[in-house]
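Visitor: There's a structure below that I have some questions on.
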Amino acid sequence: MYSEKPLAVYVHWPFCKSKCPYCDFNSHVATEINYAKWLESYIRELDYFLPRLAGRKISSIFFGGGTPSLMPPFIAGKIIEKIKTNWSFVPEVEITLEANPTSVEAGKMADFLDAGVNRVSMGIQALNDQDLKFLGREHSAKEALAALEKLKKHFSNFSFDLIYARPGQTLESWREELRKALELAGNHLSLYQLTIEKGTPFYSAYRDGNFQLPDDETSADLYKLTQEMCSANGLPAYEISNHARPGFESRHNMSYWKYDEYLGVGPGAHSRLAPAAQSRTHMMMIHDPAAWLKSVATNGNGIQQESKLSAQEILEEFVMMGMRLSDGISRKNFSLIIGQQPEDIFAKPQLDFLLQEGFITLDNAGIRATNKGLPVLNSVIARLLTH
């Protein structure tokens with residue numbers, strides 16, 4: 001096995017109470033769930049990968065969705081137990097559960113803790129009822145604050161999400177909301193600008209002019225304010241939308257951003273596995289929950305597609321993920337994944353332009369976006385990858 005780095009495992013729970021209008025994740029509303037069958041299927045799929053990934057160590061497990069806090073805690077516990085049995089955990093393994101305030105209550109959180117979960121990421125999204133309603137959330141601001149207080153009683157390592165750059169949001173209103181969020185925060189905070197994704201109810205509503213987002217200048221000012229306030233409160237950005245005190249960065253998400261290996265199980269989950277140096281295998285599971293269950297029952301896995309990525313595809317993914325980090329991409333990692341250095345890969349005119357205009361820095365440590373480059377990161381990456 002080429003990679004000696006620990007492996008991250010993602011477990012996708014596809015069910016939600018309702019579908020948020022901005023969400024393009026693989027989530028479904030179900031009136032009835034056969035929990036025993038779902039647990040059996042996760043176990044079977046994990047066992048399918050045992051020979052292929054024999055001897056690996058696990059650095060993190062992430063229960064995402066959907067709303068995995070809706071699952072009975074014993075299912076999470078059995079999945080964690082199976083992963084530990086099939087492989088082995090690194091010391092202080094990170095095991096995260098995504099949760100919503102509507103599905104969080106003290107007894108259940110205690111049970112998830114007993115099941116082996118040691119980190120919770122809560123999707124609050126806004127701290128006022130008007131915007132929560134606009135975002136299609138089922139909880140009120142009061143419920144969110146109460147759920148957060150209950151969460152803190154059981155977990156010392158937790159995070160919560162907010163979405164900003166919402167319709168009508170001003171610098172003043174976001175400053176006050178973020179001030180309150182920082183008072184409530186522990187050691188990690190995820191702050192995302194609202195984006196309109198194709199295939200979501202928001203996409204057609206936005207296209208039809210039913211609401212407007214802040215203009216580019218306001219969005220840039222909101223981003224700048226976010227960085228300044230979080231840094232001043234000891235939660236600097238380590239990734240474009242994620243803030244943490246040193247040592248509390250999401251280990252699991254860092255696996256994605258550093259382009260390490262990860263295994264995804266469950267409907268629609270993706271994997272990136274490295275059978276050899278400078279290679280990556282992409283794997284995607286069947287999206288439809290019922291079809292995934294049927295495939296696992298028949299074949300032992302729900303794989304819909306598996307393919308070896310080309311050198312260009314690896315470069316594009318590696319750059320798109322790694323440049324999101326405040327530290328960017330180290331020379332060591334660039335050499336490990338690509339086999340060359342940035343100067344050898346990127347076109348000189350594009351590299352020179354980005355350096356001269358102050359969008360990136362390139363030094364002995366590696367390549368990274370500057371404070372000027374991060375707000376326009378998509379454009380920076382597009383230019384880097386242009387030949």
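Ligands are numbered from 1 in the order shown, chains are lettered A, B, ... in the order of the structure tokens, and residues start at 1 in each chain.
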Taking 2 positions as the minimum chain separation for residues in the same chain, which residues sit within 7 Å of Thr96 (chain A) when counting only C-alpha atoms? Answer as a list in words.
Guide: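 Near neighbours after the sequence-gap exclusion: Ile61, Phe62, Phe63, Glu94, Glu98, Val117, Asn118, Arg119, Val120 and Ser121 of chain A.
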Visitor: Region 298-313 of chain A: which residues within 6 Å, counting only C-alpha atoms, same-chain residues fewer than 2 positions away excluded, as a list in words?
Guide: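 What passes the distance filter is Arg44, Glu45, Arg280, Thr281, His282, Met283, Met284, Met285, Ile286, Trp292, Ser295, Val296, Leu315 and Glu316 of chain A.
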Visitor: Write out, as an mmCIF file, in the first residue's frame, the residues just selected, with N, CA and C atoms.
Guide:
data_model
loop_
_atom_site.group_PDB
_atom_site.id
_atom_site.type_symbol
_atom_site.label_atom_id
_atom_site.label_comp_id
_atom_site.auth_asym_id
_atom_site.auth_seq_id
_atom_site.Cartn_x
_atom_site.Cartn_y
_atom_site.Cartn_z
ATOM 1 N N ARG A 44 -22.313 -4.300 6.098
ATOM 2 C CA ARG A 44 -21.914 -5.090 4.930
ATOM 3 C C ARG A 44 -20.975 -4.295 4.027
ATOM 4 N N GLU A 45 -21.290 -3.025 3.817
ATOM 5 C CA GLU A 45 -20.434 -2.230 2.928
ATOM 6 C C GLU A 45 -19.062 -2.009 3.551
ATOM 7 N N ARG A 280 -4.988 8.365 -7.971
ATOM 8 C CA ARG A 280 -6.193 8.447 -7.164
ATOM 9 C C ARG A 280 -7.307 7.676 -7.859
ATOM 10 N N THR A 281 -8.027 6.896 -7.083
ATOM 11 C CA THR A 281 -9.221 6.231 -7.574
ATOM 12 C C THR A 281 -10.435 6.952 -7.005
ATOM 13 N N HIS A 282 -11.343 7.316 -7.894
ATOM 14 C CA HIS A 282 -12.597 7.963 -7.479
ATOM 15 C C HIS A 282 -13.685 6.908 -7.427
ATOM 16 N N MET A 283 -14.457 6.936 -6.361
ATOM 17 C CA MET A 283 -15.563 6.009 -6.207
ATOM 18 C C MET A 283 -16.801 6.774 -5.756
ATOM 19 N N MET A 284 -17.946 6.442 -6.344
ATOM 20 C CA MET A 284 -19.201 7.074 -5.958
ATOM 21 C C MET A 284 -20.247 5.994 -5.728
ATOM 22 N N MET A 285 -20.966 6.113 -4.615
ATOM 23 C CA MET A 285 -22.023 5.169 -4.295
ATOM 24 C C MET A 285 -23.343 5.598 -4.949
ATOM 25 N N ILE A 286 -24.221 4.646 -5.139
ATOM 26 C CA ILE A 286 -25.543 4.904 -5.701
ATOM 27 C C ILE A 286 -26.275 5.929 -4.832
ATOM 28 N N TRP A 292 -29.523 1.877 -3.299
ATOM 29 C CA TRP A 292 -28.277 1.554 -2.576
ATOM 30 C C TRP A 292 -28.477 0.340 -1.678
ATOM 31 N N SER A 295 -28.529 -2.797 -3.785
ATOM 32 C CA SER A 295 -27.206 -3.154 -4.299
ATOM 33 C C SER A 295 -26.337 -3.771 -3.212
ATOM 34 N N VAL A 296 -26.379 -3.202 -2.018
ATOM 35 C CA VAL A 296 -25.589 -3.747 -0.908
ATOM 36 C C VAL A 296 -26.059 -5.162 -0.564
ATOM 37 N N LEU A 315 -4.664 16.900 -10.499
ATOM 38 C CA LEU A 315 -4.152 18.263 -10.299
ATOM 39 C C LEU A 315 -5.296 19.227 -9.999
ATOM 40 N N GLU A 316 -6.368 19.152 -10.777
ATOM 41 C CA GLU A 316 -7.486 20.077 -10.597
ATOM 42 C C GLU A 316 -8.123 19.908 -9.222
#
Visitor: If we count only C-alpha atoms, what is near Leu222 (chain A) at a cut-off of 9 Å, once residues fewer than 6 positions away on the same chain are taken out, given as a list in words?
Guide: Tyr164, Ala165, Thr170, Leu171, Trp174, Arg175 and Gln193 of chain A
Visitor: Based on the selection just made, write C-alpha atoms of those residues as a PDB file, in the first residue's frame.
Guide:
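The resulting file, again_0.pdb, is reproduced below:
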ATOM      1  CA  TYR A 164     -24.366  34.781   5.810  1.00  0.00           C
ATOM      2  CA  ALA A 165     -24.664  37.130   2.809  1.00  0.00           C
ATOM      3  CA  THR A 170     -26.175  44.520   6.089  1.00  0.00           C
ATOM      4  CA  LEU A 171     -22.756  44.861   7.646  1.00  0.00           C
ATOM      5  CA  TRP A 174     -24.136  40.644  10.426  1.00  0.00           C
ATOM      6  CA  ARG A 175     -21.719  42.285  12.868  1.00  0.00           C
ATOM      7  CA  GLN A 193     -21.741  32.632   2.276  1.00  0.00           C
TER       8      GLN A 193
END
Visitor: Please return, as number ranges by chain, all residues of region 138-271 of chain A that DSSP assigns to strand (DSSP E or B) on the basis of the backbone.
Guide: A: 158-164, 188-193, 237-239, 242-244, 262-265, 270-271
Visitor: Between CA of Phe158 (chain A) and CA of Lys224 (chain A), measure the distance and give it in Å to one decimal.
Guide: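 Between CA of Phe158 (chain A) and CA of Lys224 (chain A) the gap works out to 24.4 Å.
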Visitor: Env of Arg331 (chain A): 9 Å cut, atoms = only C-alpha atoms, seq-sep filter 2 positions within chain, self excluded. Answer as an mmCIF file with N, CA and C atoms, in the first residue's frame.
Guide:
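Contents of selection-v8.cif, freshly written:
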data_model
loop_
_atom_site.group_PDB
_atom_site.id
_atom_site.type_symbol
_atom_site.label_atom_id
_atom_site.label_comp_id
_atom_site.auth_asym_id
_atom_site.auth_seq_id
_atom_site.Cartn_x
_atom_site.Cartn_y
_atom_site.Cartn_z
ATOM 1 N N ILE A 329 -1.001 25.093 -0.079
ATOM 2 C CA ILE A 329 -0.454 23.766 -0.354
ATOM 3 C C ILE A 329 1.050 23.791 -0.119
ATOM 4 N N ASN A 333 3.672 18.425 0.089
ATOM 5 C CA ASN A 333 2.456 17.770 -0.371
ATOM 6 C C ASN A 333 2.310 17.863 -1.881
ATOM 7 N N PHE A 334 2.737 18.987 -2.448
ATOM 8 C CA PHE A 334 2.679 19.149 -3.906
ATOM 9 C C PHE A 334 3.530 18.079 -4.577
ATOM 10 N N SER A 335 4.714 17.874 -4.052
ATOM 11 C CA SER A 335 5.615 16.867 -4.611
ATOM 12 C C SER A 335 5.061 15.461 -4.421
ATOM 13 N N LEU A 336 4.469 15.217 -3.260
ATOM 14 C CA LEU A 336 3.936 13.893 -2.940
ATOM 15 C C LEU A 336 2.771 13.525 -3.851
ATOM 16 N N GLN A 340 5.726 16.967 -8.876
ATOM 17 C CA GLN A 340 6.485 18.140 -9.305
ATOM 18 C C GLN A 340 6.159 19.304 -8.380
ATOM 19 N N GLN A 341 6.748 20.450 -8.666
ATOM 20 C CA GLN A 341 6.508 21.648 -7.883
ATOM 21 C C GLN A 341 5.633 22.641 -8.657
ATOM 22 N N PRO A 342 5.025 23.615 -7.980
ATOM 23 C CA PRO A 342 4.123 24.549 -8.673
ATOM 24 C C PRO A 342 4.747 25.212 -9.898
ATOM 25 N N ASP A 363 6.534 30.590 -2.069
ATOM 26 C CA ASP A 363 7.818 30.682 -1.386
ATOM 27 C C ASP A 363 8.309 29.285 -1.012
ATOM 28 N N ASN A 364 9.267 29.211 -0.111
ATOM 29 C CA ASN A 364 9.831 27.917 0.268
ATOM 30 C C ASN A 364 8.818 27.013 0.957
ATOM 31 N N ALA A 365 7.794 27.629 1.575
ATOM 32 C CA ALA A 365 6.770 26.826 2.261
ATOM 33 C C ALA A 365 5.811 26.184 1.263
ATOM 34 N N GLY A 366 5.437 26.939 0.224
ATOM 35 C CA GLY A 366 4.489 26.423 -0.755
ATOM 36 C C GLY A 366 3.733 27.533 -1.443
ATOM 37 N N ILE A 367 2.555 27.231 -1.923
ATOM 38 C CA ILE A 367 1.731 28.201 -2.642
ATOM 39 C C ILE A 367 0.417 28.391 -1.886
#
Visitor: Give me the residues near Thr370 (chain A) as a list in words, where near means some atom within 9 Å (using only C-alpha atoms) and where sequence neighbours in that chain fewer than 6 positions away do not count.
Guide: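 In the requested format, the answer is Ser326, Gly358, Phe359, Ile360 and Thr361 of chain A.
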Visitor: Kindly give the distance, in Å, that separates CA of Lys78 (chain A) and CA of Arg52 (chain A), rounded to a single decimal.
Guide: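 Interatomic distance, CA of Lys78 (chain A) to CA of Arg52 (chain A): 21.1 Å.
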